[in-house]
Amino acid sequence: MHRWLWPLAIFAVIVVFLGVGLTLNPREVPSPLINKPAPPFELPQLHAQDKTFSQKDMAGKVWLLNVWASWCASCRDEHPVLVELAKSGKVPIYGLNYKDKRPDGIAWLKRFGDPYVLSAYDVQGRIGIDYGVYGVPETYVIDKQGVIRFKQIGPVTPEVLNEKILPLVARLNG
Amino acid sequence: MAMRKYLFLLIIFSMQIAPVPAAPITPGANIEGLDKRVQRIAEELRCLVCQNQSLADSDADLAVDLKNQVREKLKQGASEQEIISFMTERYGDFVLYRPPLKASTVLLWFGPGLLMIGGLIALYRRLRARVAPVPEPSLTDEERARATALLGGIVDNKNNSGKTRR
């Protein structure tokens with residue numbers, strides 16, 4: 001009887017390890033920036049070229065920074081969610097237009113709607129690298145002290161919005 | 001004929017000699033050395049878009065950007081360690097192909113070694129158990145007689161000590 005016990009125990013351990021491994025999503029690399037100050041930047045705006053936008057401008061507010069581009073297919077998937085959210089006025093959304101052509105970005109917003117208070121224009125993707133962006137779209141929740149509290153990698157779905165982002169925004173505002 | 005052969009060889013040799021360029025005299029920037037250093041660092045870093053490739057192997061947009069960033073930092077005189085920490089500050093330990101030794105990575109580092117030691121111990125005990133086998137009890141006379149009867153007298157080896165082959 002106990003001849004089989006050891007192999008069975010080892011097998012069970014391996015199954016547990018592999019089982020946990022299967023449920024992890026390797027696409028979601030945990031960001032080291034959570035609970036760290038949002039990396040500083042000052043970028044020209046997408047629409048008003050001569051004006052700039054900096055994360056400092058948002059001190060004292062809870063806000064979303066959404067990284068998007070006109071070439072990004074999943075951005076289109078999440079776009080209606082963001083447009084709805086902007087209409088509700090629950091939290092201001094700022095865009096980071098990532099490695100895009102200015103006319104393309106502007107045309108894209110005209111076509112699909114513009115949920116952003118404004119978009120910063122990061123043509124070289126430098127600020128993207130500072131924020132650890134590796135798959136657009138990505139969305140950051142930044143608190144009143146300018147600390148990153150949450151990062152969504154990939155499209156914001158209604159579930160993520162209602163179960164994670166909005167409760168977090170409410171807590172940070174409260 | 002021989003003349004032609006020599007001419008041919010001459011051409012071949014001159015081809016090999018000719019392209020060797022004079023060393024580029026660009027003060028402050030050893031281009032070849034820089035490329036190698038970029039390459040070496042990029043091999044240590046994982047491409048986040050195509051996760052089973054290193055930055056060096058990947059042509060993904062972000063990988064190219066990150067390689068340019070590495071190159072730029074090297075030109076500015078940053079050390080390899082500074083570049084590696086620049087990357088981990090942004091993308092976490094995940095970008096490293098050699099994960100740092102931490103509480104959460106202890107199993108990763110020592111697990112295989114422990115498994116091997118465990119396996120060797122198990123193997124050692126197994127083999128020792130084989131060297132000194134437990135002697136099987138020999139048959140009683142009555143059993144032997146029965147066995148002989150069953151086998152029709154083929155086997156009747158009274159000298160058998162009871163140590164039989166398995």
# chains A, B, ... in the order shown; residues from 1 in each chain; ligands from 1

call {"tool": "residues_around", "arguments": {"residues": "Ser74 of chain A", "least_positions_apart": "3", "cutoff": "12 Å", "atoms": "only C-alpha atoms", "output": "PyMOL selection string"}}
result
chain A and resi 67-71+77-81+135-138+153-157

call {"tool": "closest_atom_pairs", "arguments": {"of": "chain B", "to": "chain A", "cutoff": "6 Å", "atoms": "only C-alpha atoms", "output": "Markdown table"}}
result
| residue | atom | partner | partner_atom | distance |
| --- | --- | --- | --- | --- |
| B:Arg90 | CA | A:Gly132 | CA | 4.6 |
| B:Tyr91 | CA | A:Gly132 | CA | 5.3 |
| B:Gly92 | CA | A:Pro32 | CA | 5.2 |

call {"tool": "select_by_dssp", "arguments": {"residues": "segment 2-173 of chain A", "states": "strand (DSSP E or B)", "output": "PyMOL selection string"}}
result
chain A and resi 37+42-45+52-54+63-68+93-98+119-122+138-142+147-153

call {"tool": "select_by_dssp", "arguments": {"residues": "segment 25-142 of chain B", "states": "helix (DSSP H, G or I)", "output": "PyMOL selection string"}}
result
chain B and resi 31-44+61-75+80-91+93-95+103-131+141-142

call {"tool": "residues_around", "arguments": {"residues": "Asp59 of chain B", "least_positions_apart": "2", "cutoff": "12 Å", "atoms": "only C-alpha atoms", "output": "list in words"}}
result
Ala42, Cys47, Leu48, Val49, Cys50, Gln53, Ser54, Leu55, Ala56, Asp57, Asp61, Leu62, Ala63, Val64, Asp65, Leu66, Lys67 and Asn68 of chain B

call {"tool": "write_last_selection", "arguments": {"atoms": "N, CA and C atoms", "output": "mmCIF file, in the first residue's frame"}}
result
data_model
loop_
_atom_site.group_PDB
_atom_site.id
_atom_site.type_symbol
_atom_site.label_atom_id
_atom_site.label_comp_id
_atom_site.auth_asym_id
_atom_site.auth_seq_id
_atom_site.Cartn_x
_atom_site.Cartn_y
_atom_site.Cartn_z
ATOM 1 N N ALA B 42 21.027 42.955 -24.206
ATOM 2 C CA ALA B 42 19.719 42.577 -24.769
ATOM 3 C C ALA B 42 19.474 41.083 -24.637
ATOM 4 N N CYS B 47 11.899 39.933 -23.989
ATOM 5 C CA CYS B 47 10.987 40.782 -24.744
ATOM 6 C C CYS B 47 9.597 40.593 -24.158
ATOM 7 N N LEU B 48 8.927 41.705 -23.825
ATOM 8 C CA LEU B 48 7.640 41.572 -23.136
ATOM 9 C C LEU B 48 6.502 41.274 -24.088
ATOM 10 N N VAL B 49 6.706 41.586 -25.344
ATOM 11 C CA VAL B 49 5.632 41.377 -26.319
ATOM 12 C C VAL B 49 5.612 39.909 -26.753
ATOM 13 N N CYS B 50 6.810 39.379 -27.022
ATOM 14 C CA CYS B 50 6.908 37.985 -27.465
ATOM 15 C C CYS B 50 7.728 37.287 -26.405
ATOM 16 N N GLN B 53 11.181 35.187 -26.197
ATOM 17 C CA GLN B 53 12.361 35.661 -26.907
ATOM 18 C C GLN B 53 13.084 36.679 -26.042
ATOM 19 N N SER B 54 14.379 36.777 -26.266
ATOM 20 C CA SER B 54 15.100 37.848 -25.597
ATOM 21 C C SER B 54 14.956 39.105 -26.447
ATOM 22 N N LEU B 55 15.307 40.225 -25.839
ATOM 23 C CA LEU B 55 15.259 41.486 -26.588
ATOM 24 C C LEU B 55 16.148 41.395 -27.818
ATOM 25 N N ALA B 56 17.274 40.693 -27.655
ATOM 26 C CA ALA B 56 18.221 40.594 -28.766
ATOM 27 C C ALA B 56 17.608 39.867 -29.952
ATOM 28 N N ASP B 57 16.763 38.864 -29.670
ATOM 29 C CA ASP B 57 16.194 38.060 -30.754
ATOM 30 C C ASP B 57 14.975 38.696 -31.398
ATOM 31 N N ASP B 61 8.302 45.983 -32.096
ATOM 32 C CA ASP B 61 8.458 47.426 -31.992
ATOM 33 C C ASP B 61 9.055 47.860 -30.645
ATOM 34 N N LEU B 62 8.455 47.316 -29.589
ATOM 35 C CA LEU B 62 8.901 47.709 -28.254
ATOM 36 C C LEU B 62 10.328 47.228 -28.006
ATOM 37 N N ALA B 63 10.651 46.033 -28.511
ATOM 38 C CA ALA B 63 12.001 45.495 -28.323
ATOM 39 C C ALA B 63 13.027 46.406 -28.995
ATOM 40 N N VAL B 64 12.681 46.896 -30.186
ATOM 41 C CA VAL B 64 13.587 47.800 -30.896
ATOM 42 C C VAL B 64 13.773 49.088 -30.085
ATOM 43 N N ASP B 65 12.661 49.615 -29.575
ATOM 44 C CA ASP B 65 12.732 50.829 -28.751
ATOM 45 C C ASP B 65 13.619 50.614 -27.532
ATOM 46 N N LEU B 66 13.434 49.455 -26.895
ATOM 47 C CA LEU B 66 14.190 49.205 -25.668
ATOM 48 C C LEU B 66 15.676 49.022 -25.978
ATOM 49 N N LYS B 67 15.964 48.383 -27.125
ATOM 50 C CA LYS B 67 17.369 48.235 -27.510
ATOM 51 C C LYS B 67 17.998 49.599 -27.778
ATOM 52 N N ASN B 68 17.224 50.475 -28.427
ATOM 53 C CA ASN B 68 17.734 51.831 -28.658
ATOM 54 C C ASN B 68 18.000 52.546 -27.349
#

call {"tool": "residues_around", "arguments": {"residues": "Asn52 of chain B", "least_positions_apart": "6", "cutoff": "12 Å", "atoms": "only C-alpha atoms", "output": "list in words"}}
result
Pro26 and Arg27 of chain A; Glu43, Leu45, Arg46, Ser58, Phe94, Val95, Leu96 and Tyr97 of chain B

call {"tool": "residues_around", "arguments": {"residues": "Ile34 of chain A", "least_positions_apart": "6", "cutoff": "10 Å", "atoms": "only C-alpha atoms", "output": "NGL selection string"}}
result
:A and (140-142 or 147-151)

call {"tool": "write_last_selection", "arguments": {"atoms": "N, CA and C atoms", "output": "mmCIF file, in the first residue's frame"}}
result
data_model
loop_
_atom_site.group_PDB
_atom_site.id
_atom_site.type_symbol
_atom_site.label_atom_id
_atom_site.label_comp_id
_atom_site.auth_asym_id
_atom_site.auth_seq_id
_atom_site.Cartn_x
_atom_site.Cartn_y
_atom_site.Cartn_z
ATOM 1 N N TYR A 140 -4.053 53.244 -16.214
ATOM 2 C CA TYR A 140 -3.544 53.435 -14.863
ATOM 3 C C TYR A 140 -4.547 54.236 -14.051
ATOM 4 N N VAL A 141 -4.735 53.839 -12.794
ATOM 5 C CA VAL A 141 -5.504 54.659 -11.863
ATOM 6 C C VAL A 141 -4.486 55.374 -10.980
ATOM 7 N N ILE A 142 -4.544 56.697 -10.990
ATOM 8 C CA ILE A 142 -3.575 57.487 -10.234
ATOM 9 C C ILE A 142 -4.320 58.311 -9.186
ATOM 10 N N VAL A 147 0.123 58.834 -6.974
ATOM 11 C CA VAL A 147 0.651 57.473 -6.873
ATOM 12 C C VAL A 147 -0.212 56.542 -7.730
ATOM 13 N N ILE A 148 0.457 55.641 -8.470
ATOM 14 C CA ILE A 148 -0.270 54.669 -9.288
ATOM 15 C C ILE A 148 -0.863 53.610 -8.371
ATOM 16 N N ARG A 149 -2.180 53.411 -8.459
ATOM 17 C CA ARG A 149 -2.843 52.464 -7.567
ATOM 18 C C ARG A 149 -3.258 51.188 -8.274
ATOM 19 N N PHE A 150 -3.392 51.260 -9.585
ATOM 20 C CA PHE A 150 -3.906 50.094 -10.315
ATOM 21 C C PHE A 150 -3.476 50.227 -11.761
ATOM 22 N N LYS A 151 -3.210 49.070 -12.361
ATOM 23 C CA LYS A 151 -2.891 49.081 -13.776
ATOM 24 C C LYS A 151 -3.674 47.979 -14.455
#
